[in-house]
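Participant: To be precise about what I am sending: the file is called work_39.txt and holds compact mmCIF, C-alpha atoms and all ligand atoms.
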# COMPACT_ATOMS: atom_id res chain seq x y z
CA MET A 1098 -49.33 16.23 90.63
CA ARG A 1099 -48.73 13.89 87.70
CA PHE A 1100 -45.73 11.58 88.23
CA VAL A 1101 -43.22 11.88 85.38
CA PRO A 1102 -41.81 8.42 84.70
CA PHE A 1103 -38.29 7.85 83.39
CA GLU A 1104 -39.36 6.12 80.17
CA LEU A 1105 -35.85 5.32 78.95
CA GLU A 1106 -34.98 3.48 82.15
CA ARG A 1107 -38.31 1.59 82.12
CA TRP A 1108 -37.67 0.52 78.54
CA GLN A 1109 -34.08 -0.57 79.13
CA SER A 1110 -34.48 -2.27 82.48
CA THR A 1111 -37.50 -4.19 81.25
CA TRP A 1112 -35.90 -5.49 78.06
CA GLU A 1113 -32.11 -5.20 78.04
CA ASN A 1114 -31.54 -8.70 79.37
CA ARG A 1115 -34.30 -10.26 77.32
CA VAL A 1116 -33.20 -9.50 73.78
CA ARG A 1117 -30.54 -11.11 71.66
CA TYR A 1118 -29.11 -7.82 70.40
CA ASN A 1119 -28.98 -4.96 72.84
CA LEU A 1120 -28.30 -1.84 70.83
CA SER A 1121 -29.80 0.35 73.55
CA GLU A 1122 -26.65 0.47 75.67
CA SER A 1123 -24.67 3.69 75.68
CA GLY A 1124 -21.41 2.32 77.08
CA VAL A 1125 -18.85 -0.03 75.60
CA HIS A 1126 -18.68 -3.81 76.01
CA PRO A 1127 -17.88 -4.17 79.73
CA LEU A 1128 -14.58 -5.38 81.07
CA SER A 1129 -14.48 -8.71 82.91
CA ILE A 1130 -12.90 -8.81 86.38
CA HIS A 1131 -10.10 -10.81 84.81
CA GLU A 1132 -9.40 -8.20 82.14
CA LEU A 1133 -9.52 -5.40 84.69
CA LEU A 1134 -7.05 -7.13 86.99
CA ASP A 1135 -4.79 -7.86 84.00
CA LEU A 1136 -4.80 -4.16 83.09
CA ALA A 1137 -3.92 -3.33 86.68
CA GLY A 1138 -1.29 -6.06 86.83
CA ALA A 1139 -3.04 -7.29 89.99
CA SER A 1140 -3.67 -10.79 91.28
CA PRO A 1141 -7.25 -12.01 91.79
CA ALA A 1142 -6.31 -13.78 95.02
CA PRO A 1143 -6.99 -10.88 97.46
CA LEU A 1144 -10.49 -10.55 96.03
CA LEU A 1145 -11.34 -13.97 97.41
CA ASP A 1146 -10.53 -12.75 100.91
CA VAL A 1147 -12.75 -9.69 100.77
CA ARG A 1148 -15.24 -9.95 103.62
CA LEU A 1149 -18.77 -9.21 102.46
CA GLY A 1150 -19.51 -6.95 105.37
CA TYR A 1151 -20.86 -3.40 105.31
CA SER A 1152 -18.51 -1.01 103.65
CA GLN A 1153 -18.25 2.72 104.21
CA SER A 1154 -21.55 3.99 102.84
CA ASN A 1155 -20.19 7.23 101.43
CA GLY A 1156 -17.29 5.36 99.77
CA THR A 1157 -14.05 4.13 101.25
CA ASP A 1158 -11.38 6.70 102.09
CA LEU A 1159 -9.09 5.23 99.45
CA LEU A 1160 -11.70 5.41 96.69
CA ARG A 1161 -12.78 8.92 97.64
CA GLY A 1162 -9.15 9.97 97.71
CA ARG A 1163 -8.57 8.57 94.23
CA ILE A 1164 -11.67 10.26 92.87
CA ALA A 1165 -10.80 13.58 94.54
CA ALA A 1166 -7.43 13.50 92.82
CA LEU A 1167 -9.21 13.74 89.45
CA TYR A 1168 -10.62 17.17 90.32
CA ASP A 1169 -8.35 20.12 90.91
CA GLY A 1170 -8.41 21.24 94.49
CA ALA A 1171 -11.02 18.70 95.63
CA SER A 1172 -10.50 16.76 98.84
CA PRO A 1173 -11.93 13.33 99.74
CA GLU A 1174 -14.49 14.99 102.04
CA GLN A 1175 -16.03 16.56 98.95
CA ILE A 1176 -16.67 13.20 97.34
CA LEU A 1177 -19.73 10.99 97.93
CA VAL A 1178 -19.66 7.59 96.32
CA THR A 1179 -23.11 6.49 95.12
CA THR A 1180 -24.64 3.48 93.46
CA GLY A 1181 -23.94 4.55 89.90
CA SER A 1182 -24.23 8.07 88.54
CA ALA A 1183 -27.99 7.65 88.34
CA GLU A 1184 -28.10 7.66 92.14
CA ALA A 1185 -25.70 10.61 92.19
CA ASN A 1186 -28.12 12.60 90.01
CA PHE A 1187 -30.97 11.52 92.25
CA VAL A 1188 -29.21 12.58 95.45
CA VAL A 1189 -28.31 16.00 94.05
CA CYS A 1190 -31.88 16.68 92.92
CA TRP A 1191 -33.30 15.31 96.15
CA ARG A 1192 -31.07 17.60 98.19
CA LEU A 1193 -31.57 20.74 96.12
CA VAL A 1194 -35.00 20.75 94.51
CA GLU A 1195 -38.01 21.95 96.45
CA PRO A 1196 -41.60 22.58 95.37
CA GLY A 1197 -41.85 25.74 93.30
CA ASP A 1198 -38.13 25.86 92.40
CA LYS A 1199 -37.12 26.72 88.86
CA VAL A 1200 -34.86 24.20 87.15
CA ALA A 1201 -33.32 24.44 83.65
CA VAL A 1202 -32.37 21.26 81.78
CA MET A 1203 -30.83 20.65 78.37
CA LEU A 1204 -33.13 19.04 75.81
CA PRO A 1205 -33.09 16.49 74.27
CA ASN A 1206 -31.49 14.59 77.12
CA TYR A 1207 -31.15 11.55 79.29
CA LEU A 1208 -34.34 12.64 81.00
CA GLN A 1209 -33.67 11.42 84.53
CA THR A 1210 -33.29 14.85 86.16
CA TRP A 1211 -36.00 16.31 83.93
CA GLY A 1212 -38.55 13.96 85.50
CA LEU A 1213 -37.04 13.95 88.98
CA ALA A 1214 -37.11 17.73 89.28
CA GLN A 1215 -40.79 17.80 88.26
CA ASN A 1216 -41.58 14.99 90.67
CA PHE A 1217 -39.96 17.05 93.45
CA GLY A 1218 -42.33 19.88 92.54
CA ALA A 1219 -40.09 22.08 90.40
CA GLU A 1220 -41.04 24.06 87.35
CA VAL A 1221 -38.66 22.74 84.68
CA ARG A 1222 -37.63 24.61 81.55
CA GLY A 1223 -35.64 23.14 78.71
CA PHE A 1224 -33.03 24.71 76.49
CA THR A 1225 -32.71 22.95 73.19
CA LEU A 1226 -29.63 21.59 71.51
CA ARG A 1227 -30.09 22.30 67.81
CA ALA A 1228 -29.28 19.75 65.14
CA GLU A 1229 -28.67 22.54 62.60
CA ALA A 1230 -26.01 23.98 64.96
CA GLN A 1231 -24.21 20.63 65.34
CA TRP A 1232 -26.16 20.16 68.60
CA GLU A 1233 -25.07 23.39 70.28
CA PRO A 1234 -27.88 25.22 72.11
CA GLY A 1235 -28.71 28.80 71.14
CA PRO A 1236 -27.19 31.38 73.54
CA GLU A 1237 -30.44 33.33 73.78
CA GLU A 1238 -32.42 30.24 74.63
CA VAL A 1239 -29.89 29.33 77.32
CA ARG A 1240 -30.30 32.79 78.87
CA GLY A 1241 -34.08 32.52 78.65
CA ALA A 1242 -34.26 29.07 80.24
CA ILE A 1243 -31.86 30.00 83.05
CA ALA A 1244 -34.17 32.76 84.21
CA PRO A 1245 -33.52 34.86 87.32
CA GLY A 1246 -34.49 32.80 90.35
CA THR A 1247 -33.40 29.49 88.80
CA LYS A 1248 -32.22 27.12 91.54
CA LEU A 1249 -30.58 24.44 89.43
CA VAL A 1250 -29.20 24.07 85.92
CA VAL A 1251 -28.51 20.56 84.63
CA VAL A 1252 -26.09 19.88 81.79
CA THR A 1253 -24.91 16.58 80.37
CA ASN A 1254 -21.49 16.92 78.77
CA PRO A 1255 -20.48 14.95 76.72
CA HIS A 1256 -24.13 14.65 75.87
CA ASN A 1257 -26.52 11.74 75.71
CA PRO A 1258 -28.10 11.00 73.21
CA THR A 1259 -26.23 13.16 70.67
CA GLY A 1260 -22.65 12.45 71.74
CA HIS A 1261 -22.04 16.19 71.44
CA VAL A 1262 -19.33 17.97 73.43
CA LEU A 1263 -20.19 21.59 74.22
CA SER A 1264 -17.90 24.22 72.79
CA LYS A 1265 -15.72 26.17 75.20
CA GLU A 1266 -17.76 29.30 74.48
CA MET A 1267 -21.03 27.54 75.29
CA ARG A 1268 -19.62 26.07 78.49
CA GLN A 1269 -18.59 29.55 79.56
CA ALA A 1270 -21.94 31.01 78.54
CA ILE A 1271 -23.81 28.44 80.67
CA VAL A 1272 -21.51 28.93 83.65
CA SER A 1273 -21.70 32.71 83.54
CA ARG A 1274 -25.48 32.71 83.20
CA ALA A 1275 -25.77 30.27 86.13
CA ALA A 1276 -23.47 32.52 88.14
CA GLU A 1277 -25.45 35.62 87.16
CA VAL A 1278 -28.68 34.15 88.57
CA GLY A 1279 -26.94 32.30 91.43
CA ALA A 1280 -28.06 28.82 90.31
CA TRP A 1281 -26.40 25.53 91.16
CA LEU A 1282 -24.95 23.83 88.11
CA LEU A 1283 -25.17 20.04 88.00
CA ALA A 1284 -22.80 18.71 85.33
CA ASP A 1285 -23.37 15.06 84.49
CA GLU A 1286 -20.02 14.11 82.94
CA VAL A 1287 -20.47 10.35 82.81
CA TYR A 1288 -19.23 10.20 79.18
CA GLN A 1289 -16.08 12.17 79.95
CA GLY A 1290 -13.14 10.08 78.76
CA ALA A 1291 -15.17 8.31 76.05
CA GLU A 1292 -14.29 10.80 73.31
CA ARG A 1293 -13.65 9.21 69.93
CA ASP A 1294 -10.74 11.52 69.17
CA GLY A 1295 -9.10 10.98 72.57
CA THR A 1296 -9.41 14.61 73.70
CA THR A 1297 -10.75 14.53 77.24
CA THR A 1298 -13.70 16.85 77.68
CA PRO A 1299 -12.81 19.48 80.29
CA SER A 1300 -14.83 19.15 83.46
CA PHE A 1301 -17.10 21.92 84.64
CA TRP A 1302 -15.38 21.44 87.99
CA GLY A 1303 -13.65 24.61 89.16
CA SER A 1304 -15.47 26.93 86.76
CA TYR A 1305 -17.83 28.32 89.40
CA GLU A 1306 -18.28 27.72 93.12
CA ARG A 1307 -21.76 26.22 92.73
CA VAL A 1308 -20.78 23.49 90.28
CA ILE A 1309 -21.64 19.91 91.24
CA VAL A 1310 -20.12 17.22 89.02
CA VAL A 1311 -21.59 13.76 88.57
CA ASN A 1312 -19.56 10.95 87.06
CA GLY A 1313 -19.11 7.22 87.38
CA LEU A 1314 -17.50 4.08 86.04
CA SER A 1315 -20.34 2.92 83.79
CA LYS A 1316 -19.53 4.51 80.45
CA ALA A 1317 -15.99 5.71 79.83
CA TYR A 1318 -14.55 2.96 82.04
CA GLY A 1319 -16.74 0.13 80.75
CA LEU A 1320 -17.58 -1.02 84.29
CA PRO A 1321 -21.35 -0.52 84.73
CA GLY A 1322 -21.74 -3.62 86.90
CA LEU A 1323 -19.51 -2.07 89.57
CA ARG A 1324 -22.54 -0.05 90.74
CA ILE A 1325 -22.88 -2.64 93.42
CA GLY A 1326 -19.21 -2.56 93.95
CA TRP A 1327 -18.19 1.06 94.33
CA VAL A 1328 -17.48 0.49 97.95
CA VAL A 1329 -15.32 -2.42 97.03
CA ALA A 1330 -13.59 -0.74 94.13
CA PRO A 1331 -10.43 -2.59 93.24
CA PRO A 1332 -7.19 -1.18 94.57
CA GLY A 1333 -6.11 -0.98 90.94
CA PHE A 1334 -8.25 2.17 90.41
CA SER A 1335 -5.05 4.17 90.13
CA PRO A 1336 -4.23 6.87 87.55
CA ARG A 1337 -2.20 4.41 85.47
CA VAL A 1338 -4.99 1.85 85.23
CA ARG A 1339 -7.49 4.61 84.64
CA GLU A 1340 -5.60 5.69 81.52
CA GLN A 1341 -5.45 2.11 80.26
CA VAL A 1342 -9.14 1.58 80.85
CA LEU A 1343 -9.97 4.82 79.02
CA ALA A 1344 -7.66 3.84 76.16
CA ARG A 1345 -9.53 0.53 75.80
CA THR A 1346 -12.87 2.37 75.67
CA ARG A 1347 -11.62 4.78 73.02
CA GLY A 1348 -10.21 1.87 71.03
CA ILE A 1349 -13.66 0.26 70.97
CA LEU A 1350 -15.27 3.55 69.95
CA ARG A 1351 -12.78 4.08 67.15
CA SER A 1352 -13.11 0.59 65.75
CA ASN A 1353 -16.90 0.36 66.01
CA TYR A 1354 -18.01 3.81 64.93
CA PRO A 1355 -16.89 3.40 61.29
CA VAL A 1356 -18.87 0.14 61.20
CA ILE A 1357 -22.13 1.80 62.14
CA GLU A 1358 -21.36 4.78 59.94
CA GLN A 1359 -20.88 2.59 56.87
CA TRP A 1360 -23.98 0.63 57.77
CA LEU A 1361 -26.11 3.78 58.11
CA LYS A 1362 -24.85 5.09 54.78
CA ARG A 1363 -26.05 1.93 53.07
CA PHE A 1364 -29.64 3.08 53.68
CA GLY A 1365 -29.15 6.03 51.29
CA ASP A 1366 -31.00 9.12 52.46
CA THR A 1367 -33.11 7.28 55.06
CA PHE A 1368 -30.94 8.37 57.96
CA SER A 1369 -29.28 11.61 58.95
CA TRP A 1370 -27.01 12.09 61.95
CA HIS A 1371 -24.10 14.02 63.38
CA PRO A 1372 -21.14 11.79 64.20
CA PRO A 1373 -21.03 11.63 68.01
CA GLN A 1374 -17.94 13.20 69.53
CA ALA A 1375 -18.14 11.01 72.62
CA GLY A 1376 -19.88 7.95 73.98
CA ALA A 1377 -20.84 4.70 72.28
CA ILE A 1378 -24.05 6.25 71.05
CA CYS A 1379 -25.23 7.38 67.66
CA LEU A 1380 -28.45 9.37 67.46
CA VAL A 1381 -30.08 9.00 64.08
CA ARG A 1382 -33.03 10.75 62.47
CA TYR A 1383 -35.09 8.79 59.94
CA ARG A 1384 -37.45 9.97 57.23
CA GLN A 1385 -40.22 7.39 57.47
CA ALA A 1386 -43.55 8.28 59.08
CA ILE A 1387 -43.59 5.46 61.65
CA SER A 1388 -43.26 6.63 65.25
CA ALA A 1389 -40.02 5.68 66.97
CA LEU A 1390 -41.98 4.05 69.80
CA ASP A 1391 -43.72 1.71 67.30
CA LEU A 1392 -40.48 1.12 65.44
CA VAL A 1393 -38.46 0.04 68.49
CA GLU A 1394 -41.30 -2.13 69.77
CA LYS A 1395 -41.47 -3.98 66.42
CA MET A 1396 -37.70 -4.41 66.39
CA ARG A 1397 -37.75 -5.77 69.91
CA ALA A 1398 -40.74 -8.09 69.53
CA GLU A 1399 -39.96 -9.40 66.04
CA HIS A 1400 -36.15 -9.26 65.88
CA SER A 1401 -34.96 -9.27 69.50
CA VAL A 1402 -33.07 -6.03 68.87
CA LEU A 1403 -33.30 -3.32 71.53
CA LEU A 1404 -33.00 0.26 70.30
CA VAL A 1405 -33.92 3.44 72.13
CA PRO A 1406 -36.70 5.63 70.73
CA GLY A 1407 -35.86 9.33 70.49
CA ASP A 1408 -39.11 10.02 72.36
CA HIS A 1409 -37.36 8.86 75.54
CA PHE A 1410 -35.07 11.88 75.18
CA GLY A 1411 -37.80 14.24 74.03
CA LEU A 1412 -36.94 13.80 70.34
CA PRO A 1413 -39.49 12.03 68.09
CA ASN A 1414 -38.50 10.46 64.74
CA HIS A 1415 -35.06 9.55 66.03
CA ILE A 1416 -33.55 6.31 67.27
CA ARG A 1417 -30.39 5.89 69.29
CA PHE A 1418 -27.99 3.09 68.52
CA GLY A 1419 -25.43 1.91 71.05
CA PHE A 1420 -22.29 0.83 69.21
CA GLY A 1421 -19.99 -0.19 72.06
CA ASP A 1422 -20.50 -3.94 71.93
CA GLU A 1423 -17.97 -6.59 70.88
CA LEU A 1424 -17.44 -6.12 67.17
CA HIS A 1425 -18.57 -9.56 65.97
CA HIS A 1426 -21.77 -9.41 68.05
CA PHE A 1427 -22.32 -5.81 66.97
CA ARG A 1428 -22.03 -6.76 63.29
CA GLU A 1429 -24.58 -9.56 63.79
CA ALA A 1430 -26.83 -7.10 65.60
CA LEU A 1431 -26.62 -4.67 62.69
CA ALA A 1432 -27.39 -7.42 60.20
CA GLU A 1433 -30.50 -8.38 62.17
CA THR A 1434 -31.42 -4.71 62.58
CA GLU A 1435 -31.12 -4.24 58.82
CA ARG A 1436 -33.48 -7.15 58.14
CA GLY A 1437 -35.93 -5.69 60.64
CA LEU A 1438 -35.75 -2.09 59.47
CA LYS A 1439 -36.23 -3.08 55.83
CA ARG A 1440 -39.49 -4.78 56.81
CA VAL A 1441 -40.62 -2.02 59.15
CA PHE A 1442 -39.89 0.75 56.68
CA ALA A 1443 -41.53 -1.17 53.81
CA ASP A 1444 -44.84 -1.61 55.76
C1 LIG A 1501 -26.11 11.04 81.06
C2 LIG A 1501 -26.21 9.85 81.96
N1 LIG A 1501 -26.11 10.03 83.29
C3 LIG A 1501 -26.19 8.99 84.13
C4 LIG A 1501 -26.37 7.70 83.67
C5 LIG A 1501 -26.47 6.58 84.67
O1 LIG A 1501 -25.35 5.79 84.64
P1 LIG A 1501 -24.93 4.82 85.84
O2 LIG A 1501 -25.96 4.92 86.91
O3 LIG A 1501 -24.85 3.46 85.23
O4 LIG A 1501 -23.60 5.30 86.30
C6 LIG A 1501 -26.49 7.46 82.30
C7 LIG A 1501 -26.74 6.11 81.77
O5 LIG A 1501 -27.05 5.89 80.62
C8 LIG A 1501 -26.41 8.58 81.42
O6 LIG A 1501 -26.52 8.42 80.09
What is this file in C-alpha cells?
Ligand SMILES: Cc1ncc(COP(=O)(O)O)c(C=O)c1O
Facilitator:
Amino acid sequence: MRFVPFELERWQSTWENRVRYNLSESGVHPLSIHELLDLAGASPAPLLDVRLGYSQSNGTDLLRGRIAALYDGASPEQILVTTGSAEANFVVCWRLVEPGDKVAVMLPNYLQTWGLAQNFGAEVRGFTLRAEAQWEPGPEEVRGAIAPGTKLVVVTNPHNPTGHVLSKEMRQAIVSRAAEVGAWLLADEVYQGAERDGTTTPSFWGSYERVIVVNGLSKAYGLPGLRIGWVVAPPGFSPRVREQVLARTRGILRSNYPVIEQWLKRFGDTFSWHPPQAGAICLVRYRQAISALDLVEKMRAEHSVLLVPGDHFGLPNHIRFGFGDELHHFREALAETERGLKRVFAD
C-alpha cells in the first residue's frame, strides 16, 4: 500500500518558522497570554502556581464541561480534548476506518483525513466543490460519492481552502444522504466563529445521531499554540471571553480582507477568486502556466514568503493566502509577495 503523505502539513511545518513572511497560515495573528488574560479580566498570578504535572488526558472536567455547553444536549462525557483538531481528526479516523471501508471526503480540502483514511486502508471518494457554483458541491455528485455502504463522510465547514460556508440546503442534503446510507458524518468545524460577516456557521451537531464534530482553538479563537495547553486551558474560557475572542478574530478578518482584495485587484485579470465567507484564507486562481508547486518554492527560496500551493488541497493552478497576520506585517508581506510574483510571472 502506498503511504499518502499530508503534503500541506509537511510544507508548513518544514518552513513556517523559517521564512520572514508566513502567508501560509489560515488563522489570525495569535493572542498573547497577556492579551487573553486581559480579555478575561484575569490575573496572570495563578498561572505561575500551576504545577506542571500530568493533567487529565481526556481534558479536565471544567474544560470538557465548557466545551459541552457549546453543543445542544451534549454532556462532558461526550467530549474528548485532543492536541489540536488535527489530532481530533486523527482519532476519529483511527477509531472508525478499517481496511476496505468506503469513505467520502469533500474536495478540494485540507487533505488530512483524505490521506489518513487511505492509509488506514479505506477506499476514498471525493465530491467536488465547484468554483462556478460559488464552491457548493453538486447534489448528484454528493449522492454518488456517499454510496450505499459508506462508513464515513468528512466535511469541512466553513471550508479550507475556499472559506466557503455550505448552504442550509446542502448541509441538509449531506446529512440526509449520510443518514440514508447509515454513514458516520465527521464535521470539521475549526473555522466556525471566523466568519467575516459575523454570522456563526450552524454546527452539524444535532442534525443526525451519527454526527461527530471536530473543533479547536487554533483558528476562530487565535490560540493555535494552546495545543500543548488544552489540559491547562485558562479558567477564562467562559462564554463571555469566548465572544470577545471571536469578536477580535472577526475584527482582524474584516480589516485585513479588504487589504488583500485591493492588492489582488491590482494584478488585473491575473487572479480570480471567490471572497471567503470564513477563515483568514483566500484561495486564488492564477492564469500563468507555472505550476503552483514551483511558484511557492520560488517565493519561499527567493523572497522568504510562504504560500500554500493549491496542489496540497487537490487544486492545481491555485495558491492560498493567509491574511490573518498583524496588518503592518501583512502589508509588508504583500509588498514582498508582489515583487516576487512580478518576477515569477515575467519568467
Ligand atoms: C480544516 C482544518 N482542520 C484541522 C486543522 C488543524 O488545526 P489544529 O490542529 O491547529 O487545531 C486545520 C489547520 O489548518 C484545518 O484547516
Participant: Counting all atoms listed in the file, which residues of chain A sit at most 9 Å from some atom of ligand LIG 1501 (chain A), and what is each one's closest atom pair with its distance in Å to one decimal, listed by chain and rising residue number, as a Markdown table?
Facilitator:
| residue | atom | partner | partner_atom | distance |
| --- | --- | --- | --- | --- |
| A:Leu1105 | CA | A:LIG1501 | O5 | 9.0 |
| A:Glu1106 | CA | A:LIG1501 | O5 | 8.4 |
| A:Glu1122 | CA | A:LIG1501 | O5 | 7.4 |
| A:Ser1123 | CA | A:LIG1501 | O5 | 5.9 |
| A:Gly1124 | CA | A:LIG1501 | O5 | 7.6 |
| A:Thr1179 | CA | A:LIG1501 | O2 | 8.8 |
| A:Thr1180 | CA | A:LIG1501 | O2 | 6.8 |
| A:Gly1181 | CA | A:LIG1501 | O2 | 3.6 |
| A:Ser1182 | CA | A:LIG1501 | O4 | 3.6 |
| A:Ala1183 | CA | A:LIG1501 | O2 | 3.7 |
| A:Glu1184 | CA | A:LIG1501 | O2 | 6.3 |
| A:Ala1185 | CA | A:LIG1501 | O2 | 7.8 |
| A:Asn1186 | CA | A:LIG1501 | C3 | 7.2 |
| A:Asn1206 | CA | A:LIG1501 | C1 | 7.6 |
| A:Tyr1207 | CA | A:LIG1501 | C1 | 5.4 |
| A:Leu1208 | CA | A:LIG1501 | C1 | 8.4 |
| A:Gln1209 | CA | A:LIG1501 | N1 | 7.8 |
| A:Val1252 | CA | A:LIG1501 | C1 | 8.9 |
| A:Thr1253 | CA | A:LIG1501 | C1 | 5.7 |
| A:Asn1254 | CA | A:LIG1501 | C1 | 7.8 |
| A:Pro1255 | CA | A:LIG1501 | C1 | 8.1 |
| A:His1256 | CA | A:LIG1501 | C1 | 6.6 |
| A:Asn1257 | CA | A:LIG1501 | C1 | 5.4 |
| A:Pro1258 | CA | A:LIG1501 | O6 | 7.5 |
| A:Asp1285 | CA | A:LIG1501 | N1 | 5.9 |
| A:Glu1286 | CA | A:LIG1501 | C1 | 7.1 |
| A:Val1287 | CA | A:LIG1501 | N1 | 5.7 |
| A:Tyr1288 | CA | A:LIG1501 | C1 | 7.2 |
| A:Val1311 | CA | A:LIG1501 | N1 | 7.9 |
| A:Asn1312 | CA | A:LIG1501 | O4 | 7.0 |
| A:Gly1313 | CA | A:LIG1501 | O4 | 5.0 |
| A:Leu1314 | CA | A:LIG1501 | O4 | 6.2 |
| A:Ser1315 | CA | A:LIG1501 | O4 | 4.8 |
| A:Lys1316 | CA | A:LIG1501 | O4 | 7.2 |
| A:Leu1320 | CA | A:LIG1501 | O3 | 8.6 |
| A:Pro1321 | CA | A:LIG1501 | O3 | 5.3 |
| A:Gly1322 | CA | A:LIG1501 | O3 | 7.9 |
| A:Leu1323 | CA | A:LIG1501 | O3 | 8.8 |
| A:Arg1324 | CA | A:LIG1501 | O3 | 6.9 |
Participant: Which residues, protein or nucleic acid, reach to within 7 Å of (-43.1, 26.9, 87.9) in the file's coordinates when using only C-alpha atoms, and can you give that as a PyMOL selection string?
Facilitator: chain A and resi 1197-1199+1219-1221
Participant: Include C-alpha atoms and write out the residues we just selected as a JSON list (two decimals), in the frame of the given file.
Facilitator:
[["chain", "number", "residue", "atom", "x", "y", "z"],
["A", 1197, "GLY", "CA", -41.85, 25.74, 93.30],
["A", 1198, "ASP", "CA", -38.13, 25.86, 92.40],
["A", 1199, "LYS", "CA", -37.12, 26.72, 88.86],
["A", 1219, "ALA", "CA", -40.09, 22.08, 90.40],
["A", 1220, "GLU", "CA", -41.04, 24.06, 87.35],
["A", 1221, "VAL", "CA", -38.66, 22.74, 84.68]]
Participant: So how far away is atom CA of Trp1302 of chain A from atom CA of Tyr1168 of chain A, in Å?
Facilitator: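 Spanning atom CA of Tyr1168 of chain A to atom CA of Trp1302 of chain A is a straight-line distance of 6.8 Å.
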Participant: Select, from A:Gly1279, A:Gly1241, A:Pro1141, A:Pro1236, the residue with the minimum atom-to-atom distance to Val1308 of chain A, counting all atoms listed in the file.
Facilitator: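 Looking at the shortest contact to Val1308 of chain A, the residue is A:Gly1279.
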Participant: Which value, in Å to one decimal, gives the distance between atom CA of Pro1127 of chain A and atom CA of Arg1339 of chain A?
Facilitator: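 Between atom CA of Pro1127 of chain A and atom CA of Arg1339 of chain A the gap works out to 14.5 Å.
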Participant: Mind pulling up the distance from atom CA of Asn1353 of chain A to atom CA of Ala1137 of chain A?
Facilitator: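 If I compute the distance from atom CA of Ala1137 of chain A to atom CA of Asn1353 of chain A, I get 24.7 Å.
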Participant: Nearest residue to Gly1295 of chain A out of A:Gln1359, A:Gln1269, A:Thr1247, A:Gln1374, using only C-alpha atoms?
Facilitator: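 Of the candidates, the smallest distance to Gly1295 of chain A is held by A:Gln1374.
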Participant: In terms of the shortest atom-to-atom distance over only C-alpha atoms, which of A:Arg1345, A:Arg1148, A:Arg1307, A:Lys1248 is closest to Arg1293 of chain A?
Facilitator: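 Counting only C-alpha atoms, the residue closest to Arg1293 of chain A is A:Arg1345.
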Participant: Which residues are close to Met1203 of chain A, i.e. within 9 Å by only C-alpha atoms, leaving aside same-chain residues fewer than 5 positions away? Reply as a ChimeraX atom specification.
Facilitator: /A:1211,1222-1226,1234,1239,1250-1253
Participant: Those residues you just picked out, can you put them in a file as a short mmCIF file (atom, residue, chain, number, x, y, z; two decimals), keeping the file's coordinate frame with C-alpha atoms?
Facilitator:
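As written to disk, selection-v9.cif reads:
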data_model
loop_
_atom_site.label_atom_id
_atom_site.label_comp_id
_atom_site.auth_asym_id
_atom_site.auth_seq_id
_atom_site.Cartn_x
_atom_site.Cartn_y
_atom_site.Cartn_z
CA TRP A 1211 -36.00 16.31 83.93
CA ARG A 1222 -37.63 24.61 81.55
CA GLY A 1223 -35.64 23.14 78.71
CA PHE A 1224 -33.03 24.71 76.49
CA THR A 1225 -32.71 22.95 73.19
CA LEU A 1226 -29.63 21.59 71.51
CA PRO A 1234 -27.88 25.22 72.11
CA VAL A 1239 -29.89 29.33 77.32
CA VAL A 1250 -29.20 24.07 85.92
CA VAL A 1251 -28.51 20.56 84.63
CA VAL A 1252 -26.09 19.88 81.79
CA THR A 1253 -24.91 16.58 80.37
#
Participant: Compare A:Trp1108, A:Val1202, A:Glu1423, A:Val1342 by their minimum atom-to-atom distance to Ser1121 of chain A, counting all atoms listed in the file, and give me the closest one.
Facilitator: A:Trp1108
Participant: I'd like the contact shell of segment 1378-1395 of chain A - 8 Å cut-off, all atoms listed in the file, skipping same-chain residues fewer than 3 positions apart - returned as a VMD selection string.
Facilitator: chain A and resid 1122 to 1124 1257 to 1260 1367 to 1373 1375 1398 to 1400 1403 to 1408 1413 to 1421 1441 to 1442
Participant: Counting all atoms listed in the file, give me one row per residue of segment 1171-1197 of chain A with an atom at most 8 Å from an atom of segment 1151-1167 of chain A, showing the shortest contact pair and its distance in Å to one decimal, sorted by chain then residue number, as a Markdown table.
Facilitator:
| residue | atom | partner | partner_atom | distance |
| --- | --- | --- | --- | --- |
| A:Ala1171 | CA | A:Ala1165 | CA | 5.2 |
| A:Ser1172 | CA | A:Ala1165 | CA | 5.4 |
| A:Pro1173 | CA | A:Gly1162 | CA | 4.8 |
| A:Glu1174 | CA | A:Arg1161 | CA | 7.7 |
| A:Gln1175 | CA | A:Ala1165 | CA | 7.5 |
| A:Ile1176 | CA | A:Arg1161 | CA | 5.8 |
| A:Leu1177 | CA | A:Asn1155 | CA | 5.2 |
| A:Val1178 | CA | A:Gly1156 | CA | 4.7 |
| A:Thr1179 | CA | A:Asn1155 | CA | 7.0 |
Participant: Which residue out of A:Val1101, A:Val1262, A:Ala1430, A:Val1147 has the minimum interatomic distance to Gln1215 of chain A when all atoms listed in the file are used?
Facilitator: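 The closest residue to Gln1215 of chain A is A:Val1101.
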Participant: Ranking A:Leu1145, A:Leu1120, A:Ala1270, A:Val1200 by minimum distance to Ile1357 of chain A and counting all atoms listed in the file, which one comes first?
Facilitator: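 Smallest separation from Ile1357 of chain A among the options: A:Leu1120.
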